$ cat target_19.cif   # mmCIF, N, CA and C atoms
data_entry
loop_
_atom_site.label_atom_id
_atom_site.label_comp_id
_atom_site.auth_asym_id
_atom_site.auth_seq_id
_atom_site.Cartn_x
_atom_site.Cartn_y
_atom_site.Cartn_z
N MET A 1084 -27.02 -26.01 -74.15
CA MET A 1084 -27.37 -27.30 -74.69
C MET A 1084 -26.10 -28.12 -74.88
N HIS A 1085 -26.07 -29.28 -74.30
CA HIS A 1085 -24.90 -30.16 -74.39
C HIS A 1085 -25.23 -31.33 -75.31
N TYR A 1086 -24.37 -31.57 -76.27
CA TYR A 1086 -24.60 -32.67 -77.19
C TYR A 1086 -23.46 -33.67 -77.08
N LYS A 1087 -23.75 -34.92 -77.43
CA LYS A 1087 -22.73 -35.97 -77.40
C LYS A 1087 -21.85 -35.84 -78.64
N LYS A 1088 -20.57 -35.95 -78.42
CA LYS A 1088 -19.62 -35.87 -79.52
C LYS A 1088 -19.48 -37.25 -80.15
N ASN A 1089 -19.32 -37.26 -81.45
CA ASN A 1089 -19.23 -38.49 -82.21
C ASN A 1089 -17.79 -38.74 -82.61
N LYS A 1090 -17.29 -39.94 -82.36
CA LYS A 1090 -15.90 -40.28 -82.65
C LYS A 1090 -15.61 -40.17 -84.15
N LEU A 1091 -16.51 -40.67 -85.00
CA LEU A 1091 -16.29 -40.63 -86.44
C LEU A 1091 -16.20 -39.19 -86.96
N ILE A 1092 -17.07 -38.33 -86.46
CA ILE A 1092 -17.02 -36.93 -86.87
C ILE A 1092 -15.71 -36.30 -86.43
N ALA A 1093 -15.26 -36.60 -85.22
CA ALA A 1093 -13.98 -36.06 -84.74
C ALA A 1093 -12.82 -36.54 -85.61
N ILE A 1094 -12.85 -37.79 -86.02
CA ILE A 1094 -11.79 -38.33 -86.88
C ILE A 1094 -11.79 -37.64 -88.24
N ILE A 1095 -12.98 -37.47 -88.82
CA ILE A 1095 -13.08 -36.81 -90.13
C ILE A 1095 -12.62 -35.36 -90.04
N LEU A 1096 -13.05 -34.64 -89.01
CA LEU A 1096 -12.62 -33.25 -88.84
C LEU A 1096 -11.11 -33.16 -88.66
N THR A 1097 -10.53 -34.11 -87.95
CA THR A 1097 -9.08 -34.12 -87.75
C THR A 1097 -8.37 -34.35 -89.07
N LEU A 1098 -8.87 -35.27 -89.86
CA LEU A 1098 -8.24 -35.59 -91.13
C LEU A 1098 -8.34 -34.43 -92.13
N VAL A 1099 -9.51 -33.80 -92.20
CA VAL A 1099 -9.75 -32.77 -93.21
C VAL A 1099 -9.29 -31.38 -92.77
N PHE A 1100 -9.61 -31.00 -91.53
CA PHE A 1100 -9.33 -29.65 -91.05
C PHE A 1100 -8.38 -29.61 -89.85
N GLY A 1101 -7.64 -30.67 -89.64
CA GLY A 1101 -6.78 -30.78 -88.46
C GLY A 1101 -5.76 -29.67 -88.33
N ALA A 1102 -5.20 -29.22 -89.44
CA ALA A 1102 -4.17 -28.18 -89.39
C ALA A 1102 -4.71 -26.86 -88.84
N PHE A 1103 -6.02 -26.68 -88.89
CA PHE A 1103 -6.64 -25.46 -88.39
C PHE A 1103 -7.28 -25.64 -87.02
N GLY A 1104 -7.23 -26.84 -86.47
CA GLY A 1104 -7.73 -27.09 -85.13
C GLY A 1104 -9.23 -27.23 -85.00
N ILE A 1105 -9.93 -27.40 -86.10
CA ILE A 1105 -11.39 -27.50 -86.05
C ILE A 1105 -11.83 -28.67 -85.16
N HIS A 1106 -11.09 -29.75 -85.20
CA HIS A 1106 -11.43 -30.91 -84.37
C HIS A 1106 -11.31 -30.58 -82.89
N LYS A 1107 -10.39 -29.70 -82.52
CA LYS A 1107 -10.24 -29.30 -81.11
C LYS A 1107 -11.46 -28.51 -80.66
N PHE A 1108 -11.95 -27.61 -81.51
CA PHE A 1108 -13.17 -26.88 -81.17
C PHE A 1108 -14.34 -27.84 -81.00
N TYR A 1109 -14.46 -28.81 -81.91
CA TYR A 1109 -15.54 -29.79 -81.83
C TYR A 1109 -15.47 -30.59 -80.53
N LEU A 1110 -14.26 -30.93 -80.10
CA LEU A 1110 -14.10 -31.74 -78.89
C LEU A 1110 -14.13 -30.90 -77.61
N GLY A 1111 -14.37 -29.60 -77.73
CA GLY A 1111 -14.48 -28.74 -76.56
C GLY A 1111 -13.16 -28.22 -76.03
N ARG A 1112 -12.11 -28.36 -76.78
CA ARG A 1112 -10.78 -27.89 -76.37
C ARG A 1112 -10.50 -26.56 -77.07
N ILE A 1113 -11.19 -25.51 -76.63
CA ILE A 1113 -11.19 -24.22 -77.30
C ILE A 1113 -9.80 -23.59 -77.33
N ARG A 1114 -9.09 -23.60 -76.21
CA ARG A 1114 -7.74 -23.00 -76.18
C ARG A 1114 -6.82 -23.68 -77.17
N ALA A 1115 -6.86 -25.00 -77.21
CA ALA A 1115 -6.01 -25.74 -78.15
C ALA A 1115 -6.41 -25.40 -79.59
N GLY A 1116 -7.70 -25.26 -79.85
CA GLY A 1116 -8.16 -24.88 -81.19
C GLY A 1116 -7.65 -23.53 -81.61
N VAL A 1117 -7.67 -22.58 -80.69
CA VAL A 1117 -7.16 -21.24 -80.99
C VAL A 1117 -5.66 -21.30 -81.27
N LEU A 1118 -4.92 -22.06 -80.50
CA LEU A 1118 -3.48 -22.20 -80.74
C LEU A 1118 -3.21 -22.84 -82.10
N TYR A 1119 -3.97 -23.85 -82.45
CA TYR A 1119 -3.82 -24.47 -83.77
C TYR A 1119 -4.06 -23.42 -84.86
N LEU A 1120 -5.09 -22.60 -84.70
CA LEU A 1120 -5.38 -21.56 -85.70
C LEU A 1120 -4.26 -20.53 -85.78
N LEU A 1121 -3.78 -20.09 -84.64
CA LEU A 1121 -2.73 -19.06 -84.62
C LEU A 1121 -1.43 -19.54 -85.26
N PHE A 1122 -1.12 -20.82 -85.09
CA PHE A 1122 0.15 -21.35 -85.59
C PHE A 1122 0.00 -22.19 -86.86
N SER A 1123 -1.17 -22.13 -87.49
CA SER A 1123 -1.41 -22.97 -88.67
C SER A 1123 -0.45 -22.66 -89.81
N TRP A 1124 0.05 -21.46 -89.87
CA TRP A 1124 0.99 -21.08 -90.93
C TRP A 1124 2.35 -21.75 -90.76
N THR A 1125 2.64 -22.31 -89.58
CA THR A 1125 3.94 -22.94 -89.34
C THR A 1125 3.95 -24.43 -89.68
N PHE A 1126 2.83 -25.00 -89.97
CA PHE A 1126 2.67 -26.42 -90.27
C PHE A 1126 2.89 -27.33 -89.05
N VAL A 1127 3.19 -26.78 -87.90
CA VAL A 1127 3.31 -27.58 -86.68
C VAL A 1127 1.95 -28.18 -86.32
N PRO A 1128 0.85 -27.42 -86.39
CA PRO A 1128 -0.45 -28.03 -86.10
C PRO A 1128 -0.80 -29.18 -87.04
N LEU A 1129 -0.29 -29.14 -88.26
CA LEU A 1129 -0.53 -30.24 -89.19
C LEU A 1129 0.09 -31.53 -88.66
N LEU A 1130 1.29 -31.45 -88.14
CA LEU A 1130 1.95 -32.61 -87.56
C LEU A 1130 1.22 -33.08 -86.30
N LEU A 1131 0.80 -32.14 -85.48
CA LEU A 1131 0.06 -32.48 -84.27
C LEU A 1131 -1.29 -33.11 -84.62
N ALA A 1132 -1.92 -32.61 -85.68
CA ALA A 1132 -3.21 -33.16 -86.11
C ALA A 1132 -3.04 -34.60 -86.61
N LEU A 1133 -1.92 -34.89 -87.25
CA LEU A 1133 -1.66 -36.26 -87.68
C LEU A 1133 -1.56 -37.18 -86.46
N PHE A 1134 -0.89 -36.71 -85.44
CA PHE A 1134 -0.80 -37.45 -84.18
C PHE A 1134 -2.19 -37.61 -83.57
N ASP A 1135 -2.96 -36.52 -83.52
CA ASP A 1135 -4.33 -36.58 -82.98
C ASP A 1135 -5.18 -37.58 -83.75
N PHE A 1136 -5.03 -37.60 -85.07
CA PHE A 1136 -5.78 -38.51 -85.92
C PHE A 1136 -5.49 -39.97 -85.54
N ILE A 1137 -4.22 -40.28 -85.37
CA ILE A 1137 -3.83 -41.65 -85.01
C ILE A 1137 -4.36 -42.01 -83.63
N VAL A 1138 -4.27 -41.09 -82.70
CA VAL A 1138 -4.77 -41.33 -81.34
C VAL A 1138 -6.28 -41.58 -81.35
N LEU A 1139 -7.01 -40.74 -82.08
CA LEU A 1139 -8.46 -40.92 -82.14
C LEU A 1139 -8.83 -42.25 -82.79
N LEU A 1140 -8.07 -42.66 -83.79
CA LEU A 1140 -8.34 -43.95 -84.43
C LEU A 1140 -8.17 -45.11 -83.46
N THR A 1141 -7.21 -44.99 -82.56
CA THR A 1141 -6.91 -46.09 -81.65
C THR A 1141 -7.80 -46.11 -80.41
N TYR A 1142 -8.48 -44.99 -80.12
CA TYR A 1142 -9.38 -44.96 -78.97
C TYR A 1142 -10.55 -45.90 -79.19
N SER A 1143 -10.90 -46.63 -78.16
CA SER A 1143 -12.14 -47.40 -78.21
C SER A 1143 -13.30 -46.41 -78.04
N LYS A 1144 -14.48 -46.85 -78.39
CA LYS A 1144 -15.65 -45.99 -78.26
C LYS A 1144 -15.87 -45.59 -76.79
N GLN A 1145 -15.63 -46.53 -75.88
CA GLN A 1145 -15.80 -46.26 -74.46
C GLN A 1145 -14.78 -45.22 -73.98
N LYS A 1146 -13.54 -45.36 -74.40
CA LYS A 1146 -12.50 -44.41 -73.98
C LYS A 1146 -12.80 -43.02 -74.54
N PHE A 1147 -13.24 -42.95 -75.78
CA PHE A 1147 -13.60 -41.67 -76.40
C PHE A 1147 -14.73 -41.00 -75.62
N ASN A 1148 -15.78 -41.78 -75.33
CA ASN A 1148 -16.93 -41.24 -74.59
C ASN A 1148 -16.53 -40.80 -73.18
N LYS A 1149 -15.67 -41.55 -72.54
CA LYS A 1149 -15.24 -41.18 -71.19
C LYS A 1149 -14.47 -39.87 -71.21
N LYS A 1150 -13.65 -39.66 -72.21
CA LYS A 1150 -12.81 -38.47 -72.27
C LYS A 1150 -13.56 -37.23 -72.78
N TYR A 1151 -14.44 -37.40 -73.76
CA TYR A 1151 -15.03 -36.23 -74.43
C TYR A 1151 -16.52 -36.06 -74.20
N ASN A 1152 -17.21 -37.04 -73.63
CA ASN A 1152 -18.66 -36.88 -73.42
C ASN A 1152 -19.01 -36.86 -71.97
#
$ encode --input "target_19.cif" --output "structure tokens"
Amino acid sequence: MHYKKNKLIAIILTLVFGAFGIHKFYLGRIRAGVLYLLFSWTFVPLLLALFDFIVLLTYSKQKFNKKYN
């Protein structure tokens, strides 16, 4: 079953659980999510999640849908 991903949900997941890569799992980027989880103790994923958050905020709805849906 394939479902459409929601930009707002992705932004919220990035903001709240970004350091653990939950947003990557939601967006279908399983390998990246696993790497975020493995390295979450280093705080590097937290910095990357901040970058991801900013990028997702700047994406238009069309660009988000083209990339993730």
$ residues_around --input "target_19.cif" --residues "segment 1129-1134 of chain A" --least-positions-apart "2" --cutoff "10 Å" --atoms "only C-alpha atoms" --output "VMD selection string"
chain A and resid 1096 to 1107 1119 1122 to 1127 1136 to 1140
$ residues_around --input "target_19.cif" --residues "Lys1144 of chain A" --least-positions-apart "5" --cutoff "12 Å" --atoms "only C-alpha atoms" --output "list in words"
Lys1088, Asn1089, Lys1090, Leu1091, Ala1093, Leu1139, Lys1149, Lys1150, Tyr1151 and Asn1152 of chain A
$ closest_residue --input "target_19.cif" --among "A:Leu1120, A:Leu1110, A:Ile1094, A:Ala1115" --to "Tyr1142 of chain A" --atoms "only C-alpha atoms"
A:Ile1094
$ select_by_dssp --input "target_19.cif" --residues "segment 1101-1148 of chain A" --states "helix (DSSP H, G or I)" --output "PyMOL selection string"
chain A and resi 1101-1103+1105-1109+1113-1121+1123-1125+1127-1141+1144-1148
